[in-house]
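Structure file entry_9.cif with mmCIF, C-alpha atoms and all ligand atoms:
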data_query
#
loop_
_atom_site.label_atom_id
_atom_site.label_comp_id
_atom_site.auth_asym_id
_atom_site.auth_seq_id
_atom_site.Cartn_x
_atom_site.Cartn_y
_atom_site.Cartn_z
CA MET A 1 0.00 0.00 0.00
CA ALA A 2 1.37 3.42 -0.95
CA MET A 3 2.66 5.40 2.05
CA VAL A 4 3.82 8.48 0.15
CA GLY A 5 2.02 10.57 -2.45
CA VAL A 6 4.43 12.17 -4.91
CA VAL A 7 2.64 14.85 -6.88
CA MET A 8 3.84 17.47 -9.34
CA GLY A 9 2.31 20.36 -11.23
CA SER A 10 3.27 19.18 -14.70
CA LEU A 11 4.97 16.39 -16.57
CA SER A 12 7.81 18.88 -17.09
CA ASP A 13 8.56 18.48 -13.34
CA TRP A 14 9.13 14.73 -13.63
CA GLU A 15 12.79 15.00 -14.56
CA THR A 16 13.32 16.66 -11.15
CA MET A 17 10.81 14.65 -9.14
CA LYS A 18 12.27 11.36 -10.37
CA SER A 19 15.04 11.94 -7.80
CA THR A 20 12.40 11.77 -5.05
CA CYS A 21 11.06 8.49 -6.38
CA ASP A 22 14.59 7.06 -6.72
CA MET A 23 15.16 7.61 -2.99
CA LEU A 24 11.80 6.12 -2.04
CA ASP A 25 12.69 3.09 -4.19
CA HIS A 26 16.06 2.93 -2.44
CA PHE A 27 14.36 2.66 0.97
CA GLY A 28 11.68 0.28 -0.33
CA ILE A 29 8.85 2.72 0.42
CA GLU A 30 5.76 2.35 -1.74
CA TYR A 31 4.42 5.52 -3.30
CA GLU A 32 1.89 6.73 -5.82
CA LYS A 33 2.71 9.49 -8.28
CA GLU A 34 0.35 11.91 -9.96
CA ILE A 35 0.16 15.21 -11.84
CA LEU A 36 -2.07 17.70 -10.03
CA SER A 37 -2.24 21.45 -10.26
CA ALA A 38 -3.76 24.01 -7.93
CA HIS A 39 -4.12 26.24 -10.97
CA ARG A 40 -5.13 23.83 -13.70
CA THR A 41 -6.96 21.04 -11.85
CA PRO A 42 -8.03 22.57 -8.51
CA ASP A 43 -10.93 20.15 -7.93
CA ASP A 44 -8.71 17.08 -8.49
CA MET A 45 -6.08 18.57 -6.20
CA PHE A 46 -8.58 19.13 -3.37
CA GLN A 47 -10.01 15.65 -3.85
CA PHE A 48 -6.49 14.17 -3.60
CA ALA A 49 -5.68 16.16 -0.46
CA GLU A 50 -8.98 15.37 1.24
CA SER A 51 -8.74 11.61 0.60
CA ALA A 52 -4.98 11.18 1.17
CA ARG A 53 -5.12 10.18 4.83
CA GLU A 54 -7.98 7.73 4.48
CA LYS A 55 -6.14 6.11 1.53
CA GLY A 56 -3.29 5.34 3.95
CA LEU A 57 -0.75 7.91 2.80
CA LYS A 58 1.55 9.18 5.58
CA VAL A 59 3.37 11.98 3.75
CA ILE A 60 2.75 14.05 0.62
CA ILE A 61 5.67 15.35 -1.46
CA ALA A 62 4.69 18.06 -3.93
CA GLY A 63 6.96 19.54 -6.58
CA ALA A 64 6.07 22.61 -8.60
CA GLY A 65 7.78 25.43 -10.47
CA GLY A 66 7.11 29.14 -10.95
CA ALA A 67 4.03 30.28 -9.02
CA ALA A 68 4.29 27.07 -7.02
CA HIS A 69 1.04 27.07 -5.05
CA LEU A 70 0.50 23.30 -5.21
CA PRO A 71 2.34 22.29 -2.00
CA GLY A 72 0.71 25.02 0.09
CA MET A 73 -2.78 24.38 -1.23
CA LEU A 74 -2.41 20.65 -0.54
CA ALA A 75 -1.24 21.51 2.97
CA SER A 76 -4.34 23.66 3.46
CA LYS A 77 -6.58 20.63 2.88
CA THR A 78 -4.81 17.79 4.73
CA THR A 79 -3.43 17.04 8.19
CA LEU A 80 -0.62 14.94 6.66
CA PRO A 81 2.86 16.48 6.51
CA VAL A 82 3.57 18.09 3.13
CA ILE A 83 7.10 18.41 1.77
CA GLY A 84 7.48 21.02 -0.97
CA VAL A 85 10.05 20.76 -3.75
CA PRO A 86 10.80 23.98 -5.67
CA VAL A 87 11.32 22.98 -9.29
CA SER A 88 13.64 25.20 -11.30
CA SER A 89 11.96 27.76 -13.53
CA LYS A 90 12.65 30.67 -15.86
CA LEU A 91 13.76 32.55 -12.71
CA ASP A 92 16.14 29.71 -11.69
CA GLY A 93 13.61 28.42 -9.15
CA TYR A 94 13.77 31.39 -6.76
CA ASP A 95 10.11 32.12 -7.52
CA SER A 96 9.21 28.47 -6.81
CA LEU A 97 11.24 28.45 -3.59
CA LEU A 98 9.66 31.62 -2.22
CA SER A 99 6.16 30.55 -3.29
CA ILE A 100 6.57 27.31 -1.33
CA VAL A 101 8.54 28.40 1.71
CA GLN A 102 6.70 31.59 2.64
CA MET A 103 3.58 29.95 4.07
CA PRO A 104 1.39 31.83 6.51
CA GLY A 105 1.52 30.72 10.14
CA GLY A 106 -0.62 27.66 10.78
CA VAL A 107 -0.10 25.93 7.43
CA PRO A 108 3.46 24.55 7.28
CA VAL A 109 5.16 23.11 4.22
CA ALA A 110 8.56 21.48 4.84
CA THR A 111 10.53 23.08 2.03
CA VAL A 112 13.68 21.57 0.53
CA ALA A 113 16.26 23.06 -1.84
CA ILE A 114 15.61 23.94 -5.50
CA GLY A 115 15.86 21.17 -8.09
CA ALA A 116 16.99 17.57 -8.13
CA SER A 117 19.08 17.67 -4.93
CA GLY A 118 16.07 19.07 -3.08
CA ALA A 119 13.86 16.41 -4.64
CA LYS A 120 16.31 13.75 -3.47
CA ASN A 121 16.26 15.19 0.06
CA ALA A 122 12.46 15.21 -0.02
CA GLY A 123 12.52 11.44 -0.51
CA ILE A 124 14.98 11.02 2.37
CA LEU A 125 12.97 13.35 4.62
CA ALA A 126 9.80 11.37 3.93
CA ALA A 127 11.69 8.16 4.80
CA GLU A 128 12.82 9.79 8.06
CA MET A 129 9.24 10.78 8.92
CA ILE A 130 8.10 7.21 8.33
CA GLY A 131 11.24 5.85 10.03
CA ALA A 132 10.29 7.69 13.22
CA PHE A 133 7.61 4.99 13.66
CA ASP A 134 8.96 2.14 11.52
CA ASN A 135 12.11 0.29 12.66
CA GLU A 136 12.73 -1.40 9.31
CA ILE A 137 12.93 1.97 7.52
CA ALA A 138 14.98 3.42 10.40
CA GLU A 139 17.55 0.63 9.92
CA LYS A 140 17.77 1.36 6.19
CA LEU A 141 18.31 5.03 7.01
CA ALA A 142 21.13 4.10 9.40
CA VAL A 143 22.81 2.10 6.60
CA TYR A 144 22.39 5.06 4.25
CA LYS A 145 24.05 7.42 6.77
CA GLN A 146 26.93 4.95 7.16
CA GLU A 147 27.35 4.85 3.36
CA LEU A 148 27.57 8.65 3.30
CA LYS A 149 30.24 8.49 6.01
CA ASN A 150 32.17 5.83 4.08
CA HIS A 151 32.00 8.00 0.98
CA VAL A 152 33.53 10.96 2.83
CA GLU A 153 36.23 8.73 4.31
CA GLY A 154 37.04 7.54 0.77
CA MET A 155 37.36 11.15 -0.37
CA ARG A 156 39.63 11.95 2.60
CA GLY A 157 41.87 9.05 1.60
CA GLN A 158 42.08 10.34 -1.97
CA LEU A 159 42.80 13.89 -0.78
CA HIS A 160 45.58 12.82 1.56
CA GLU A 161 47.19 10.63 -1.12
CA SER A 162 47.14 13.38 -3.76
N1 LIG A 201 3.27 25.71 -10.05
C1 LIG A 201 2.44 25.00 -10.80
C2 LIG A 201 1.15 24.58 -10.45
C3 LIG A 201 0.52 24.82 -9.13
O1 LIG A 201 1.18 25.34 -8.21
O2 LIG A 201 -0.64 24.45 -8.98
N2 LIG A 201 0.63 23.91 -11.47
C4 LIG A 201 1.55 23.88 -12.44
N3 LIG A 201 2.64 24.54 -12.04
C5 LIG A 201 3.96 24.64 -12.67
O3 LIG A 201 4.00 25.24 -13.91
C6 LIG A 201 5.28 24.89 -14.45
C7 LIG A 201 5.19 24.88 -15.95
O4 LIG A 201 4.30 23.88 -16.37
P1 LIG A 201 4.25 23.41 -17.89
O5 LIG A 201 5.61 22.82 -18.20
O6 LIG A 201 3.16 22.37 -17.96
O7 LIG A 201 3.94 24.65 -18.70
C8 LIG A 201 5.66 23.54 -13.87
O8 LIG A 201 6.90 23.63 -13.18
C9 LIG A 201 4.52 23.26 -12.92
O9 LIG A 201 4.91 22.68 -11.70
#

Represent the supplied structure as structure tokens.
Ligand SMILES: Nc1c(C(=O)O)ncn1[C@@H]1O[C@H](COP(=O)(O)O)[C@@H](O)[C@H]1O
Amino acid sequence: MAMVGVVMGSLSDWETMKSTCDMLDHFGIEYEKEILSAHRTPDDMFQFAESAREKGLKVIIAGAGGAAHLPGMLASKTTLPVIGVPVSSKLDGYDSLLSIVQMPGGVPVATVAIGASGAKNAGILAAEMIGAFDNEIAEKLAVYKQELKNHVEGMRGQLHES
């Protein structure tokens, strides 16, 4: 059963949002993915947000570019945590970032960095939210952290040998 909903404003966001799905695959977390837009398909977006919890989703990750209202509007209609991914745009994603991060008090969106690295972190952050209650995912996260440490140690070795 899907635990994470990965949604994006357009198919043009998929190249970025694929990094989120790659991380969820890495941790063996089931997800569903969909294109929804606060601007272009507002009724579908509200329906998704209103039914997300009863469907069994635990976290929603929403990526959008430009006037990126999708994450915030989803957050307005669900009690699930929403992670917002600013997708790069004609303004290098600054517009997306500010549209997502500057939520009014009371309606939080956990905002990650612009682009693919942010999308990757969104997948890891969702795993950490689930891992707070799920030991199997927590163990996979511990292995991932160890791999990061090993990677840095490998780089140190190369630096000191050069
Ligand atoms: N920001 C939003 C929303 C929304 O916030 O509801 N819906 C689509 N979009 C964004 O418009 C950009 C251009 O979309 P197109 O490539 O389809 O023209 C995409 O980055 C999408 O996320």

Exercise on segment 83-95 of chain A, axis-aligned box with 6 Å per side, report centre and edge lengths in Å to one decimal, as AutoDock Vina command-line options:
--center_x 11.6 --center_y 25.5 --center_z -7.0 --size_x 21.0 --size_y 26.1 --size_z 29.6

So how many Å separate atom CA of Gly106 of chain A and atom CA of Ile29 of chain A, to one decimal?
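One can read the atom CA of Gly106 of chain A to atom CA of Ile29 of chain A distance as 28.6 Å.
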
Distance table requested - chain A against ligand LIG 201 (chain A), cut-off 8 Å, only C-alpha atoms and all ligand atoms: one row per qualifying residue with the closest atom pair and its distance in Å to one decimal, ordered by chain and rising residue number, as a tab-separated table.
residue	atom	partner	partner_atom	distance
A:Met8	CA	A:LIG201	O9	5.8
A:Gly9	CA	A:LIG201	O9	3.5
A:Ser10	CA	A:LIG201	O6	4.6
A:Leu11	CA	A:LIG201	O6	6.4
A:Ser12	CA	A:LIG201	O5	4.6
A:Asp13	CA	A:LIG201	O8	5.4
A:Leu36	CA	A:LIG201	N2	6.9
A:Ser37	CA	A:LIG201	O2	3.6
A:Ala38	CA	A:LIG201	O2	3.3
A:His39	CA	A:LIG201	O2	4.4
A:Arg40	CA	A:LIG201	N2	6.2
A:Thr41	CA	A:LIG201	O2	7.7
A:Pro42	CA	A:LIG201	O2	7.6
A:Gly63	CA	A:LIG201	O9	6.3
A:Ala64	CA	A:LIG201	O9	3.3
A:Gly65	CA	A:LIG201	O8	3.4
A:Gly66	CA	A:LIG201	N1	5.2
A:Ala67	CA	A:LIG201	N1	4.7
A:Ala68	CA	A:LIG201	N1	3.5
A:His69	CA	A:LIG201	O1	3.6
A:Leu70	CA	A:LIG201	O1	3.7
A:Pro71	CA	A:LIG201	O1	7.0
A:Val87	CA	A:LIG201	O8	5.9
A:Ser88	CA	A:LIG201	O8	7.2
A:Ser89	CA	A:LIG201	O8	6.5
A:Ser96	CA	A:LIG201	N1	7.3

Write out, as an mmCIF file, in the frame of the given file, the residues just selected, with C-alpha atoms.
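Heads up, here's the output in selection04.cif:
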data_model
loop_
_atom_site.group_PDB
_atom_site.id
_atom_site.type_symbol
_atom_site.label_atom_id
_atom_site.label_comp_id
_atom_site.auth_asym_id
_atom_site.auth_seq_id
_atom_site.Cartn_x
_atom_site.Cartn_y
_atom_site.Cartn_z
ATOM 1 C CA MET A 8 3.840 17.470 -9.340
ATOM 2 C CA GLY A 9 2.310 20.360 -11.230
ATOM 3 C CA SER A 10 3.270 19.180 -14.700
ATOM 4 C CA LEU A 11 4.970 16.390 -16.570
ATOM 5 C CA SER A 12 7.810 18.880 -17.090
ATOM 6 C CA ASP A 13 8.560 18.480 -13.340
ATOM 7 C CA LEU A 36 -2.070 17.700 -10.030
ATOM 8 C CA SER A 37 -2.240 21.450 -10.260
ATOM 9 C CA ALA A 38 -3.760 24.010 -7.930
ATOM 10 C CA HIS A 39 -4.120 26.240 -10.970
ATOM 11 C CA ARG A 40 -5.130 23.830 -13.700
ATOM 12 C CA THR A 41 -6.960 21.040 -11.850
ATOM 13 C CA PRO A 42 -8.030 22.570 -8.510
ATOM 14 C CA GLY A 63 6.960 19.540 -6.580
ATOM 15 C CA ALA A 64 6.070 22.610 -8.600
ATOM 16 C CA GLY A 65 7.780 25.430 -10.470
ATOM 17 C CA GLY A 66 7.110 29.140 -10.950
ATOM 18 C CA ALA A 67 4.030 30.280 -9.020
ATOM 19 C CA ALA A 68 4.290 27.070 -7.020
ATOM 20 C CA HIS A 69 1.040 27.070 -5.050
ATOM 21 C CA LEU A 70 0.500 23.300 -5.210
ATOM 22 C CA PRO A 71 2.340 22.290 -2.000
ATOM 23 C CA VAL A 87 11.320 22.980 -9.290
ATOM 24 C CA SER A 88 13.640 25.200 -11.300
ATOM 25 C CA SER A 89 11.960 27.760 -13.530
ATOM 26 C CA SER A 96 9.210 28.470 -6.810
#

Best match for closeness to Gly131 of chain A among A:Val59, A:Glu15, A:Glu32, A:Arg53, counting all atoms listed in the file
A:Val59

Which is closest to Asp134 of chain A among A:Lys77, A:Lys149, A:Lys58, A:Lys18, if we use all atoms listed in the file?
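When distances to Asp134 of chain A are compared using all atoms listed in the file, the smallest one comes from A:Lys58.
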
Find the distance between atom CA of Cys21 of chain A and atom CA of Pro104 of chain A and write it in Å to one decimal.
28.4 Å

Find the residues around Gly118 of chain A up to 12 Å (only C-alpha atoms counted), leave out those fewer than 3 positions away in its own chain, and share them as a list of chain:residue names.
A:Thr16, A:Met17, A:Lys18, A:Ser19, A:Thr20, A:Met23, A:Ile61, A:Ala62, A:Gly63, A:Ala64, A:Ile83, A:Gly84, A:Val85, A:Pro86, A:Val87, A:Ser88, A:Gly93, A:Leu97, A:Ala110, A:Thr111, A:Val112, A:Ala113, A:Ile114, A:Gly115, A:Asn121, A:Ala122, A:Gly123, A:Ile124, A:Leu125

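Between atom CA of Val7 of chain A and atom CA of Phe27 of chain A the separation is 18.6 Å.
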
Which protein, DNA or RNA residues are at most 12 Å from (-7.0, 9.4, -6.6) in the file's coordinates when you count all atoms listed in the file, listed as an NGL selection string?
:A and (2 or 5-7 or 32-36 or 43-57)

Quick one: of A:Tyr144, A:Gly28, A:Gly154, A:Gly72, who's nearest to Val107 of chain A, counting only C-alpha atoms?
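Closest to Val107 of chain A, using only C-alpha atoms: A:Gly72.
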